[in-house]
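Trainee: File input.cif follows (mmCIF, C-alpha atoms; chains and numbers go by the auth columns):
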data_input
loop_
_atom_site.group_PDB
_atom_site.id
_atom_site.type_symbol
_atom_site.label_atom_id
_atom_site.label_comp_id
_atom_site.label_asym_id
_atom_site.label_seq_id
_atom_site.Cartn_x
_atom_site.Cartn_y
_atom_site.Cartn_z
_atom_site.B_iso_or_equiv
_atom_site.auth_seq_id
_atom_site.auth_asym_id
ATOM 1 C CA ASP A 1 19.525 -63.775 -38.119 0.00 923 A
ATOM 2 C CA GLY A 2 17.499 -62.894 -35.028 0.00 924 A
ATOM 3 C CA ILE A 3 15.388 -59.906 -34.077 0.00 925 A
ATOM 4 C CA LYS A 4 17.343 -56.646 -34.176 0.00 926 A
ATOM 5 C CA TYR A 5 16.884 -53.768 -31.715 0.00 927 A
ATOM 6 C CA PHE A 6 18.129 -50.264 -32.494 0.00 928 A
ATOM 7 C CA PHE A 7 18.880 -47.721 -29.769 0.00 929 A
ATOM 8 C CA GLY A 8 20.019 -44.116 -29.739 0.00 930 A
ATOM 9 C CA GLY A 9 20.982 -42.049 -32.724 0.00 931 A
ATOM 10 C CA GLU A 10 20.067 -38.459 -33.499 0.00 932 A
ATOM 11 C CA ASN A 11 16.373 -38.731 -32.587 0.00 933 A
ATOM 12 C CA ALA A 12 16.475 -41.245 -29.719 0.00 934 A
ATOM 13 C CA SER A 13 19.196 -40.197 -27.299 0.00 935 A
ATOM 14 C CA GLU A 14 19.696 -37.510 -24.686 0.00 936 A
ATOM 15 C CA GLN A 15 22.463 -35.898 -22.663 0.00 937 A
ATOM 16 C CA SER A 16 22.521 -34.796 -19.042 0.00 938 A
ATOM 17 C CA LYS A 17 24.748 -33.254 -16.405 0.00 939 A
ATOM 18 C CA ASN A 18 24.564 -32.478 -12.695 0.00 940 A
ATOM 19 C CA ARG A 19 25.132 -28.958 -11.387 0.00 941 A
ATOM 20 C CA THR A 20 25.656 -28.117 -7.716 0.00 942 A
ATOM 21 C CA THR A 21 25.126 -24.578 -6.416 0.00 943 A
ATOM 22 C CA GLY A 22 24.678 -22.816 -3.101 0.00 944 A
ATOM 23 C CA ASP A 23 26.512 -20.501 -0.674 0.00 945 A
ATOM 24 C CA GLY A 24 29.031 -19.520 -3.312 0.00 946 A
ATOM 25 C CA ILE A 25 29.472 -23.097 -4.515 0.00 947 A
ATOM 26 C CA ILE A 26 29.244 -23.788 -8.236 0.00 948 A
ATOM 27 C CA ILE A 27 30.506 -27.143 -9.462 0.00 949 A
ATOM 28 C CA PRO A 28 30.352 -27.122 -13.277 0.00 950 A
ATOM 29 C CA THR A 29 30.110 -30.333 -15.270 0.00 951 A
ATOM 30 C CA ASN A 30 29.802 -31.136 -18.943 0.00 952 A
ATOM 31 C CA TYR A 31 26.896 -32.786 -20.732 0.00 953 A
ATOM 32 C CA LEU A 32 27.425 -36.515 -21.272 0.00 954 A
ATOM 33 C CA GLN A 33 25.432 -39.044 -23.244 0.00 955 A
ATOM 34 C CA SER A 34 23.202 -40.619 -20.588 0.00 956 A
ATOM 35 C CA ALA A 35 20.274 -42.334 -22.367 0.00 957 A
ATOM 36 C CA TYR A 36 19.820 -44.347 -25.537 0.00 958 A
ATOM 37 C CA TYR A 37 16.166 -45.034 -26.354 0.00 959 A
ATOM 38 C CA LEU A 38 14.772 -47.888 -28.430 0.00 960 A
ATOM 39 C CA HIS A 39 13.580 -46.530 -31.802 0.00 961 A
ATOM 40 C CA ARG A 40 13.274 -49.538 -34.128 0.00 962 A
ATOM 41 C CA ILE A 41 12.742 -53.317 -33.962 0.00 963 A
ATOM 42 C CA GLU A 42 13.362 -55.441 -37.055 0.00 964 A
ATOM 43 C CA HIS A 43 12.184 -59.048 -37.469 0.00 965 A
ATOM 44 C CA PRO A 44 13.882 -61.455 -39.929 0.00 966 A
ATOM 45 C CA PHE A 45 10.556 -61.811 -41.794 0.00 967 A
ATOM 46 C CA GLY A 46 10.570 -58.109 -42.649 0.00 968 A
ATOM 47 C CA ASP A 47 8.306 -56.748 -39.927 0.00 969 A
ATOM 48 C CA ILE A 48 9.533 -53.424 -38.525 0.00 970 A
ATOM 49 C CA ILE A 49 8.228 -51.610 -35.450 0.00 971 A
ATOM 50 C CA TYR A 50 9.046 -47.913 -35.113 0.00 972 A
ATOM 51 C CA LEU A 51 9.089 -45.884 -31.897 0.00 973 A
ATOM 52 C CA GLU A 52 8.880 -42.141 -32.447 0.00 974 A
ATOM 53 C CA TYR A 53 9.647 -39.519 -29.813 0.00 975 A
ATOM 54 C CA GLU A 54 8.462 -35.955 -29.339 0.00 976 A
ATOM 55 C CA ASN A 55 10.643 -33.022 -30.262 0.00 977 A
ATOM 56 C CA PRO A 56 13.561 -32.777 -27.838 0.00 978 A
ATOM 57 C CA ILE A 57 13.023 -30.749 -24.682 0.00 979 A
ATOM 58 C CA ASN A 58 15.561 -29.276 -22.269 0.00 980 A
ATOM 59 C CA TYR A 59 14.631 -29.333 -18.584 0.00 981 A
ATOM 60 C CA SER A 60 16.073 -29.680 -15.075 0.00 982 A
ATOM 61 C CA LEU A 61 15.041 -31.385 -11.827 0.00 983 A
ATOM 62 C CA VAL A 62 16.389 -31.084 -8.286 0.00 984 A
ATOM 63 C CA VAL A 63 17.970 -34.395 -7.254 0.00 985 A
ATOM 64 C CA SER A 64 19.535 -33.661 -3.854 0.00 986 A
ATOM 65 C CA LYS A 65 20.199 -31.085 -1.156 0.00 987 A
ATOM 66 C CA SER A 66 23.000 -31.165 1.383 0.00 988 A
ATOM 67 C CA GLU A 67 24.484 -29.193 4.261 0.00 989 A
ATOM 68 C CA HIS A 68 28.083 -28.987 5.453 0.00 990 A
ATOM 69 C CA ARG A 69 29.124 -27.796 8.920 0.00 991 A
ATOM 70 C CA SER A 70 32.499 -27.460 10.592 0.00 992 A
ATOM 71 C CA ILE A 71 32.897 -27.702 14.375 0.00 993 A
ATOM 72 C CA VAL A 72 35.708 -26.013 16.292 0.00 994 A
ATOM 73 C CA PRO A 73 36.810 -27.931 19.429 0.00 995 A
ATOM 74 C CA ILE A 74 36.731 -25.996 22.712 0.00 996 A
ATOM 75 C CA GLY A 75 39.957 -24.081 23.210 0.00 997 A
ATOM 76 C CA SER A 76 40.857 -24.097 19.535 0.00 998 A
ATOM 77 C CA ALA A 77 41.091 -21.079 17.295 0.00 999 A
ATOM 78 C CA GLY A 78 38.678 -20.438 14.491 0.00 1000 A
ATOM 79 C CA GLU A 79 34.952 -20.088 13.961 0.00 1001 A
ATOM 80 C CA PRO A 80 32.423 -22.775 13.047 0.00 1002 A
ATOM 81 C CA SER A 81 30.989 -22.506 9.563 0.00 1003 A
ATOM 82 C CA SER A 82 28.160 -23.947 7.538 0.00 1004 A
ATOM 83 C CA SER A 83 27.052 -24.116 3.921 0.00 1005 A
ATOM 84 C CA GLN A 84 24.131 -25.545 1.989 0.00 1006 A
ATOM 85 C CA SER A 85 24.042 -26.761 -1.587 0.00 1007 A
ATOM 86 C CA THR A 86 21.525 -28.042 -4.110 0.00 1008 A
ATOM 87 C CA THR A 87 22.278 -30.460 -6.941 0.00 1009 A
ATOM 88 C CA SER A 88 20.097 -30.399 -10.052 0.00 1010 A
ATOM 89 C CA GLN A 89 20.142 -32.632 -13.077 0.00 1011 A
ATOM 90 C CA TYR A 90 19.994 -30.808 -16.402 0.00 1012 A
ATOM 91 C CA VAL A 91 18.714 -32.802 -19.368 0.00 1013 A
ATOM 92 C CA GLU A 92 19.459 -31.728 -22.917 0.00 1014 A
ATOM 93 C CA ASN A 93 17.373 -33.100 -25.796 0.00 1015 A
ATOM 94 C CA GLY A 94 15.058 -34.904 -23.384 0.00 1016 A
ATOM 95 C CA ARG A 95 12.921 -37.538 -25.110 0.00 1017 A
ATOM 96 C CA PHE A 96 9.315 -38.569 -24.460 0.00 1018 A
ATOM 97 C CA LEU A 97 7.603 -41.360 -26.389 0.00 1019 A
ATOM 98 C CA LYS A 98 5.064 -40.048 -28.939 0.00 1020 A
ATOM 99 C CA LYS A 99 3.873 -43.053 -30.961 0.00 1021 A
ATOM 100 C CA ILE A 100 4.522 -46.643 -32.005 0.00 1022 A
ATOM 101 C CA TYR A 101 3.685 -47.957 -35.479 0.00 1023 A
ATOM 102 C CA SER A 102 4.623 -50.718 -37.914 0.00 1024 A
ATOM 103 C CA ASN A 103 5.355 -51.162 -41.606 0.00 1025 A
ATOM 104 C CA ARG A 104 2.763 -53.944 -41.865 0.00 1026 A
ATOM 105 C CA SER A 105 -0.159 -52.563 -39.901 0.00 1027 A
ATOM 106 C CA ASN A 106 -2.471 -49.568 -40.020 0.00 1028 A
ATOM 107 C CA LEU A 107 -2.542 -49.394 -36.226 0.00 1029 A
ATOM 108 C CA ILE A 108 -0.835 -46.533 -34.423 0.00 1030 A
ATOM 109 C CA ILE A 109 -0.379 -46.241 -30.669 0.00 1031 A
ATOM 110 C CA GLU A 110 -0.155 -42.609 -29.540 0.00 1032 A
ATOM 111 C CA PHE A 111 1.118 -41.431 -26.158 0.00 1033 A
ATOM 112 C CA ASN A 112 0.022 -38.024 -24.870 0.00 1034 A
ATOM 113 C CA SER A 113 1.818 -36.481 -21.929 0.00 1035 A
ATOM 114 C CA SER A 114 2.018 -33.016 -20.452 0.00 1036 A
ATOM 115 C CA GLY A 115 3.944 -30.896 -18.012 0.00 1037 A
ATOM 116 C CA GLU A 116 0.965 -29.018 -16.636 0.00 1038 A
ATOM 117 C CA PHE A 117 2.635 -28.011 -13.372 0.00 1039 A
ATOM 118 C CA VAL A 118 5.813 -26.070 -12.813 0.00 1040 A
ATOM 119 C CA SER A 119 7.635 -28.125 -10.196 0.00 1041 A
ATOM 120 C CA PRO A 120 11.285 -28.893 -9.397 0.00 1042 A
ATOM 121 C CA ASN A 121 10.207 -32.437 -8.466 0.00 1043 A
ATOM 122 C CA TYR A 122 8.983 -33.762 -11.806 0.00 1044 A
ATOM 123 C CA PHE A 123 8.625 -32.524 -15.343 0.00 1045 A
ATOM 124 C CA ARG A 124 6.005 -34.551 -17.192 0.00 1046 A
ATOM 125 C CA LYS A 125 3.329 -37.227 -16.776 0.00 1047 A
ATOM 126 C CA LEU A 126 1.451 -39.536 -19.142 0.00 1048 A
ATOM 127 C CA ASN A 127 -2.197 -38.524 -19.660 0.00 1049 A
ATOM 128 C CA ASN A 128 -3.558 -41.037 -22.148 0.00 1050 A
ATOM 129 C CA ILE A 129 -2.780 -43.731 -24.715 0.00 1051 A
ATOM 130 C CA ILE A 130 -4.815 -43.947 -27.930 0.00 1052 A
ATOM 131 C CA ILE A 131 -4.886 -46.804 -30.434 0.00 1053 A
ATOM 132 C CA LYS A 132 -6.129 -45.607 -33.817 0.00 1054 A
ATOM 133 C CA ASP A 133 -6.425 -46.601 -37.452 0.00 1055 A
ATOM 134 C CA ASP A 134 -3.889 -44.640 -39.480 0.00 1056 A
ATOM 135 C CA VAL A 135 -6.029 -44.755 -42.643 0.00 1057 A
ATOM 136 C CA SER A 136 -9.311 -43.485 -41.182 0.00 1058 A
ATOM 137 C CA ASN A 137 -7.678 -41.676 -38.218 0.00 1059 A
ATOM 138 C CA ASN A 138 -10.447 -43.128 -36.037 0.00 1060 A
ATOM 139 C CA GLN A 139 -9.888 -44.185 -32.457 0.00 1061 A
ATOM 140 C CA LEU A 140 -10.159 -47.922 -31.821 0.00 1062 A
ATOM 141 C CA GLN A 141 -9.401 -47.896 -28.097 0.00 1063 A
ATOM 142 C CA GLY A 142 -8.234 -45.387 -25.529 0.00 1064 A
ATOM 143 C CA VAL A 143 -6.705 -45.484 -22.080 0.00 1065 A
ATOM 144 C CA SER A 144 -6.932 -42.405 -19.831 0.00 1066 A
ATOM 145 C CA LEU A 145 -4.860 -41.934 -16.690 0.00 1067 A
ATOM 146 C CA ASN A 146 -6.005 -39.716 -13.833 0.00 1068 A
ATOM 147 C CA TYR A 147 -3.930 -38.562 -10.888 0.00 1069 A
ATOM 148 C CA ASP A 148 -4.117 -36.921 -7.486 0.00 1070 A
ATOM 149 C CA ASN A 149 -1.435 -34.379 -6.627 0.00 1071 A
ATOM 150 C CA SER A 150 0.391 -34.277 -3.317 0.00 1072 A
ATOM 151 C CA ILE A 151 0.990 -30.682 -2.227 0.00 1073 A
ATOM 152 C CA VAL A 152 3.125 -30.182 0.872 0.00 1074 A
ATOM 153 C CA GLY A 153 4.443 -26.850 2.083 0.00 1075 A
ATOM 154 C CA GLY A 154 2.571 -25.119 -0.730 0.00 1076 A
ATOM 155 C CA LYS A 155 4.586 -27.000 -3.380 0.00 1077 A
ATOM 156 C CA LEU A 156 3.651 -29.849 -5.665 0.00 1078 A
ATOM 157 C CA GLN A 157 5.704 -32.813 -4.417 0.00 1079 A
ATOM 158 C CA ARG A 158 4.383 -35.966 -6.105 0.00 1080 A
ATOM 159 C CA PHE A 159 1.490 -37.329 -8.137 0.00 1081 A
ATOM 160 C CA PHE A 160 -0.357 -40.613 -7.604 0.00 1082 A
ATOM 161 C CA LEU A 161 -2.225 -42.665 -10.200 0.00 1083 A
ATOM 162 C CA THR A 162 -5.867 -42.857 -9.068 0.00 1084 A
ATOM 163 C CA GLU A 163 -7.786 -44.084 -12.105 0.00 1085 A
ATOM 164 C CA VAL A 164 -7.288 -45.967 -15.375 0.00 1086 A
ATOM 165 C CA VAL A 165 -10.206 -45.716 -17.827 0.00 1087 A
ATOM 166 C CA PHE A 166 -10.512 -47.864 -20.966 0.00 1088 A
ATOM 167 C CA SER A 167 -12.733 -46.445 -23.706 0.00 1089 A
ATOM 168 C CA ASN A 168 -14.023 -47.802 -27.029 0.00 1090 A
ATOM 169 C CA GLN A 169 -14.001 -46.389 -30.547 0.00 1091 A
ATOM 170 C CA LEU A 170 -16.772 -43.959 -29.584 0.00 1092 A
ATOM 171 C CA SER A 171 -14.664 -42.668 -26.650 0.00 1093 A
ATOM 172 C CA THR A 172 -17.227 -44.201 -24.275 0.00 1094 A
ATOM 173 C CA ALA A 173 -15.753 -45.577 -21.046 0.00 1095 A
ATOM 174 C CA GLU A 174 -16.071 -49.375 -20.837 0.00 1096 A
ATOM 175 C CA PHE A 175 -13.796 -50.357 -17.968 0.00 1097 A
ATOM 176 C CA ARG A 176 -12.609 -48.312 -15.037 0.00 1098 A
ATOM 177 C CA TYR A 177 -10.016 -49.201 -12.405 0.00 1099 A
ATOM 178 C CA SER A 178 -9.519 -47.011 -9.340 0.00 1100 A
ATOM 179 C CA MET A 179 -6.745 -46.751 -6.765 0.00 1101 A
ATOM 180 C CA SER A 180 -6.930 -44.986 -3.421 0.00 1102 A
ATOM 181 C CA TYR A 181 -4.181 -43.872 -1.066 0.00 1103 A
ATOM 182 C CA LYS A 182 -4.055 -42.989 2.588 0.00 1104 A
ATOM 183 C CA ASP A 183 -3.550 -39.250 3.132 0.00 1105 A
ATOM 184 C CA ILE A 184 -1.032 -38.471 0.398 0.00 1106 A
ATOM 185 C CA ASP A 185 -0.585 -34.921 1.714 0.00 1107 A
ATOM 186 C CA ALA A 186 0.737 -36.333 5.001 0.00 1108 A
ATOM 187 C CA LEU A 187 3.895 -37.523 3.266 0.00 1109 A
ATOM 188 C CA PRO A 188 6.988 -35.425 4.013 0.00 1110 A
ATOM 189 C CA GLU A 189 8.215 -32.791 1.639 0.00 1111 A
ATOM 190 C CA ARG A 190 10.948 -33.958 -0.698 0.00 1112 A
ATOM 191 C CA PHE A 191 14.345 -33.198 0.856 0.00 1113 A
ATOM 192 C CA SER A 192 12.688 -32.492 4.214 0.00 1114 A
ATOM 193 C CA THR A 193 15.162 -31.461 6.918 0.00 1115 A
ATOM 194 C CA ASP A 194 13.201 -33.388 9.583 0.00 1116 A
ATOM 195 C CA GLN A 195 15.557 -36.373 9.611 0.00 1117 A
ATOM 196 C CA ASP A 196 17.209 -38.654 12.152 0.00 1118 A
ATOM 197 C CA HIS A 197 20.844 -39.812 12.026 0.00 1119 A
ATOM 198 C CA MET A 198 19.984 -42.435 9.393 0.00 1120 A
ATOM 199 C CA GLY A 199 18.299 -39.885 7.136 0.00 1121 A
ATOM 200 C CA TYR A 200 14.739 -41.061 7.817 0.00 1122 A
ATOM 201 C CA PHE A 201 11.895 -38.599 8.264 0.00 1123 A
ATOM 202 C CA ASN A 202 10.988 -38.100 11.951 0.00 1124 A
ATOM 203 C CA ASN A 203 8.798 -34.965 11.904 0.00 1125 A
ATOM 204 C CA LYS A 204 10.932 -33.208 14.549 0.00 1126 A
ATOM 205 C CA GLY A 205 10.642 -29.720 13.075 0.00 1127 A
ATOM 206 C CA ASN A 206 14.241 -29.006 12.120 0.00 1128 A
ATOM 207 C CA GLY A 207 13.438 -25.898 10.116 0.00 1129 A
ATOM 208 C CA ASP A 208 16.116 -25.160 7.519 0.00 1130 A
ATOM 209 C CA ILE A 209 18.846 -27.061 9.377 0.00 1131 A
ATOM 210 C CA ARG A 210 19.779 -30.464 7.979 0.00 1132 A
ATOM 211 C CA LEU A 211 21.634 -31.729 11.044 0.00 1133 A
ATOM 212 C CA PRO A 212 19.830 -34.799 12.498 0.00 1134 A
ATOM 213 C CA ASN A 213 17.419 -34.029 15.309 0.00 1135 A
ATOM 214 C CA ASN A 214 16.460 -36.942 17.563 0.00 1136 A
ATOM 215 C CA ASP A 215 15.127 -34.894 20.493 0.00 1137 A
#
Let me see the structure of the file written as C-alpha cells.
Mentor:
Amino acid sequence: DGIKYFFGGENASEQSKNRTTGDGIIIPTNYLQSAYYLHRIEHPFGDIIYLEYENPINYSLVVSKSEHRSIVPIGSAGEPSSSQSTTSQYVENGRFLKKIYSNRSNLIIEFNSSGEFVSPNYFRKLNNIIIKDDVSNNQLQGVSLNYDNSIVGGKLQRFFLTEVVFSNQLSTAEFRYSMSYKDIDALPERFSTDQDHMGYFNNKGNGDIRLPNND
C-alpha cells in the first residue's frame, strides 16, 4: 500500500564489461547487467512520476593501468621481463537522464548534457536543468552549470564546477554562485607513474615506468 519505485527494464538499464589489453595481453569478458535506473514512482493516491532517459549510448572509459615486472636473482638463469596493461570499462546502452514529469502536473524538468570533449577520462557532463510548462513550452526556471577543465600533459583530465546560475522565465540570471579552485592544472595526470610505494603521487619523474620511485 506504500509508494512504489520501479527500476530497470528495457529503457532504464545498462550493461558493462571490463577489457584489459597491452603487450599481447587481451582478457575478454562478457557484458553483464550492471545498472538499474529509477524510471517510475507511484503513490497510492494515483500520482505517478516518470523519469525518462536519453537514447542509449555505447562508450568506454579507462579505469586503470598496471605494470608487471619479473626479477631474476643473481646467479640464476633467465632474463627479467616486463609488461604493461590498460583496463577499460565498456558500457552498452548507457543511460543519461533526459526529463522528469508527472501525470498530475504540467511541469517538466529537462536535463541537458553533452560530451563535448573526446577524453578517455570522462564521457559526459551536465550543462543545464530547465523547468518548463508542458502546455505552453515556456521556461519557468533554469539552472546553468559552468566548468573549468584541467588539462595536464596535453590531455583533458578532469572538469571542475565553477558556477551555478539560476535564471527566470525570461532566461535572465537572478542568482549566481561561484566556486574557485587552487591551480587545477597542477594536479597529477590520471594514472601518473610518479608514485611512491603506497601509490601516492610524489612528482619524482618516473617517465613511463610504474615502479615506485622514492629517490
Trainee: Check which residues satisfy the PyMOL selection byres ((chain A and resi 959) around 6) in the file shown, then give them as a short mmCIF file (atom, residue, chain, number, x, y, z; two decimals) with C-alpha atoms, in the frame of the given file.
Mentor:
data_model
loop_
_atom_site.label_atom_id
_atom_site.label_comp_id
_atom_site.auth_asym_id
_atom_site.auth_seq_id
_atom_site.Cartn_x
_atom_site.Cartn_y
_atom_site.Cartn_z
CA PHE A 929 18.88 -47.72 -29.77
CA GLY A 930 20.02 -44.12 -29.74
CA ALA A 934 16.48 -41.24 -29.72
CA SER A 935 19.20 -40.20 -27.30
CA TYR A 958 19.82 -44.35 -25.54
CA LEU A 960 14.77 -47.89 -28.43
#
Trainee: Between atom CA of Thr951 of chain A and atom CA of Asn933 of chain A, what is the distance in Å, rounded to a tenth?
Mentor: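 Atom-to-atom, atom CA of Thr951 of chain A and atom CA of Asn933 of chain A are spaced 23.6 Å apart.
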Trainee: Run the PyMOL selection byres ((chain A and resi 1014) around 12) on the file and write out the hits as a CSV table (one decimal) with C-alpha atoms, in the frame of the given file.
Mentor:
chain,number,residue,atom,x,y,z
A,935,SER,CA,19.2,-40.2,-27.3
A,936,GLU,CA,19.7,-37.5,-24.7
A,937,GLN,CA,22.5,-35.9,-22.7
A,938,SER,CA,22.5,-34.8,-19.0
A,939,LYS,CA,24.7,-33.3,-16.4
A,940,ASN,CA,24.6,-32.5,-12.7
A,952,ASN,CA,29.8,-31.1,-18.9
A,953,TYR,CA,26.9,-32.8,-20.7
A,954,LEU,CA,27.4,-36.5,-21.3
A,955,GLN,CA,25.4,-39.0,-23.2
A,956,SER,CA,23.2,-40.6,-20.6
A,957,ALA,CA,20.3,-42.3,-22.4
A,977,ASN,CA,10.6,-33.0,-30.3
A,978,PRO,CA,13.6,-32.8,-27.8
A,979,ILE,CA,13.0,-30.7,-24.7
A,980,ASN,CA,15.6,-29.3,-22.3
A,981,TYR,CA,14.6,-29.3,-18.6
A,982,SER,CA,16.1,-29.7,-15.1
A,983,LEU,CA,15.0,-31.4,-11.8
A,1011,GLN,CA,20.1,-32.6,-13.1
A,1012,TYR,CA,20.0,-30.8,-16.4
A,1013,VAL,CA,18.7,-32.8,-19.4
A,1015,ASN,CA,17.4,-33.1,-25.8
A,1016,GLY,CA,15.1,-34.9,-23.4
A,1017,ARG,CA,12.9,-37.5,-25.1
Trainee: I'd like the contact shell of segment 1068-1074 of chain A - 6 Å cut-off, all atoms listed in the file, skipping same-chain residues fewer than 6 positions apart - returned as a VMD selection string.
Mentor: chain A and resid 1080 to 1085 1106 to 1107 1111
Trainee: For atom CA of Lys1021 of chain A and atom CA of Tyr975 of chain A, quote the distance in Å rounded to one decimal.
Mentor: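 If I compute the distance from atom CA of Lys1021 of chain A to atom CA of Tyr975 of chain A, I get 6.9 Å.
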Trainee: Pick the closest to Asn1025 of chain A from A:Lys1047, A:His965, A:Lys987, A:Lys1077: which is it, counting all atoms listed in the file?
Mentor: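 With all atoms listed in the file as the atom set, the closest residue is A:His965.
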Trainee: Which residue is closest to Arg1026 of chain A? Choose from A:Gly924, A:Gly968, A:Gly1121, A:Gly944 and count only C-alpha atoms.
Mentor: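 Looking only at the distances to Arg1026 of chain A, the closest residue turns out to be A:Gly968.
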Trainee: So which residues get picked by the PyMOL selection byres ((chain A and resi 1020) around 6) here, written as an MDAnalysis selection string?
Mentor: chainID A and resid 974:976 1019 1021 1032:1033
Trainee: Can you work out the spacing between atom CA of Ile1030 of chain A and atom CA of Tyr1044 of chain A in Å, to one decimal?
Mentor: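 That distance, rounded to one decimal, is 27.8 Å.
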Trainee: Using all atoms listed in the file, which of the listed residues (A:Asp1056, A:Ser1100, A:Gln1091, A:Asn1050) sits closest to Ser1027 of chain A?
Mentor: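 Looking at the shortest contact to Ser1027 of chain A, the residue is A:Asp1056.
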Trainee: Fewer than 5 positions away in the same chain doesn't count, so skip those; otherwise give me all residues within 7 Å of segment 1058-1065 of chain A, counting all atoms listed in the file, as a ChimeraX atom specification.
Mentor: /A:1050-1053,1086-1091
Trainee: Residues as selected, C-alpha atoms, written as a short mmCIF file (atom, residue, chain, number, x, y, z; two decimals), in the coordinates of the input, can you do that?
Mentor:
data_model
loop_
_atom_site.label_atom_id
_atom_site.label_comp_id
_atom_site.auth_asym_id
_atom_site.auth_seq_id
_atom_site.Cartn_x
_atom_site.Cartn_y
_atom_site.Cartn_z
CA ASN A 1050 -3.56 -41.04 -22.15
CA ILE A 1051 -2.78 -43.73 -24.72
CA ILE A 1052 -4.82 -43.95 -27.93
CA ILE A 1053 -4.89 -46.80 -30.43
CA VAL A 1086 -7.29 -45.97 -15.38
CA VAL A 1087 -10.21 -45.72 -17.83
CA PHE A 1088 -10.51 -47.86 -20.97
CA SER A 1089 -12.73 -46.44 -23.71
CA ASN A 1090 -14.02 -47.80 -27.03
CA GLN A 1091 -14.00 -46.39 -30.55
#
Trainee: What would segment 1022-1034 of chain A look like with N, CA, C and O atoms restored, written as an mmCIF file, in the coordinates of the input?
Mentor:
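Just written: part33.cif:
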data_model
loop_
_atom_site.group_PDB
_atom_site.id
_atom_site.type_symbol
_atom_site.label_atom_id
_atom_site.label_comp_id
_atom_site.auth_asym_id
_atom_site.auth_seq_id
_atom_site.Cartn_x
_atom_site.Cartn_y
_atom_site.Cartn_z
ATOM 1 N N ILE A 1022 3.956 -45.383 -31.540
ATOM 2 C CA ILE A 1022 4.522 -46.643 -32.005
ATOM 3 C C ILE A 1022 3.708 -47.092 -33.214
ATOM 4 O O ILE A 1022 2.473 -47.071 -33.185
ATOM 5 N N TYR A 1023 4.390 -47.494 -34.284
ATOM 6 C CA TYR A 1023 3.685 -47.957 -35.479
ATOM 7 C C TYR A 1023 4.543 -48.987 -36.206
ATOM 8 O O TYR A 1023 5.709 -49.219 -35.846
ATOM 9 N N SER A 1024 3.951 -49.626 -37.224
ATOM 10 C CA SER A 1024 4.623 -50.718 -37.914
ATOM 11 C C SER A 1024 4.505 -50.538 -39.419
ATOM 12 O O SER A 1024 3.609 -49.850 -39.919
ATOM 13 N N ASN A 1025 5.397 -51.205 -40.143
ATOM 14 C CA ASN A 1025 5.355 -51.162 -41.606
ATOM 15 C C ASN A 1025 4.303 -52.103 -42.185
ATOM 16 O O ASN A 1025 4.004 -52.045 -43.378
ATOM 17 N N ARG A 1026 3.727 -52.965 -41.357
ATOM 18 C CA ARG A 1026 2.763 -53.944 -41.865
ATOM 19 C C ARG A 1026 1.427 -53.876 -41.131
ATOM 20 O O ARG A 1026 0.710 -54.862 -41.036
ATOM 21 N N SER A 1027 1.120 -52.727 -40.605
ATOM 22 C CA SER A 1027 -0.159 -52.563 -39.901
ATOM 23 C C SER A 1027 -0.607 -51.115 -40.010
ATOM 24 O O SER A 1027 0.220 -50.196 -40.097
ATOM 25 N N ASN A 1028 -1.923 -50.927 -40.020
ATOM 26 C CA ASN A 1028 -2.471 -49.568 -40.020
ATOM 27 C C ASN A 1028 -2.650 -49.022 -38.609
ATOM 28 O O ASN A 1028 -3.072 -47.879 -38.445
ATOM 29 N N LEU A 1029 -2.341 -49.826 -37.604
ATOM 30 C CA LEU A 1029 -2.542 -49.394 -36.226
ATOM 31 C C LEU A 1029 -1.417 -48.475 -35.778
ATOM 32 O O LEU A 1029 -0.242 -48.704 -36.076
ATOM 33 N N ILE A 1030 -1.798 -47.450 -35.044
ATOM 34 C CA ILE A 1030 -0.835 -46.533 -34.423
ATOM 35 C C ILE A 1030 -1.193 -46.411 -32.942
ATOM 36 O O ILE A 1030 -2.366 -46.280 -32.590
ATOM 37 N N ILE A 1031 -0.186 -46.462 -32.099
ATOM 38 C CA ILE A 1031 -0.379 -46.241 -30.669
ATOM 39 C C ILE A 1031 0.221 -44.879 -30.329
ATOM 40 O O ILE A 1031 1.422 -44.675 -30.483
ATOM 41 N N GLU A 1032 -0.616 -43.958 -29.875
ATOM 42 C CA GLU A 1032 -0.155 -42.609 -29.540
ATOM 43 C C GLU A 1032 -0.106 -42.413 -28.031
ATOM 44 O O GLU A 1032 -1.002 -42.867 -27.301
ATOM 45 N N PHE A 1033 0.927 -41.725 -27.578
ATOM 46 C CA PHE A 1033 1.118 -41.431 -26.158
ATOM 47 C C PHE A 1033 1.066 -39.924 -25.972
ATOM 48 O O PHE A 1033 1.820 -39.185 -26.620
ATOM 49 N N ASN A 1034 0.183 -39.461 -25.104
ATOM 50 C CA ASN A 1034 0.022 -38.024 -24.870
ATOM 51 C C ASN A 1034 0.383 -37.702 -23.426
ATOM 52 O O ASN A 1034 -0.234 -38.209 -22.486
#
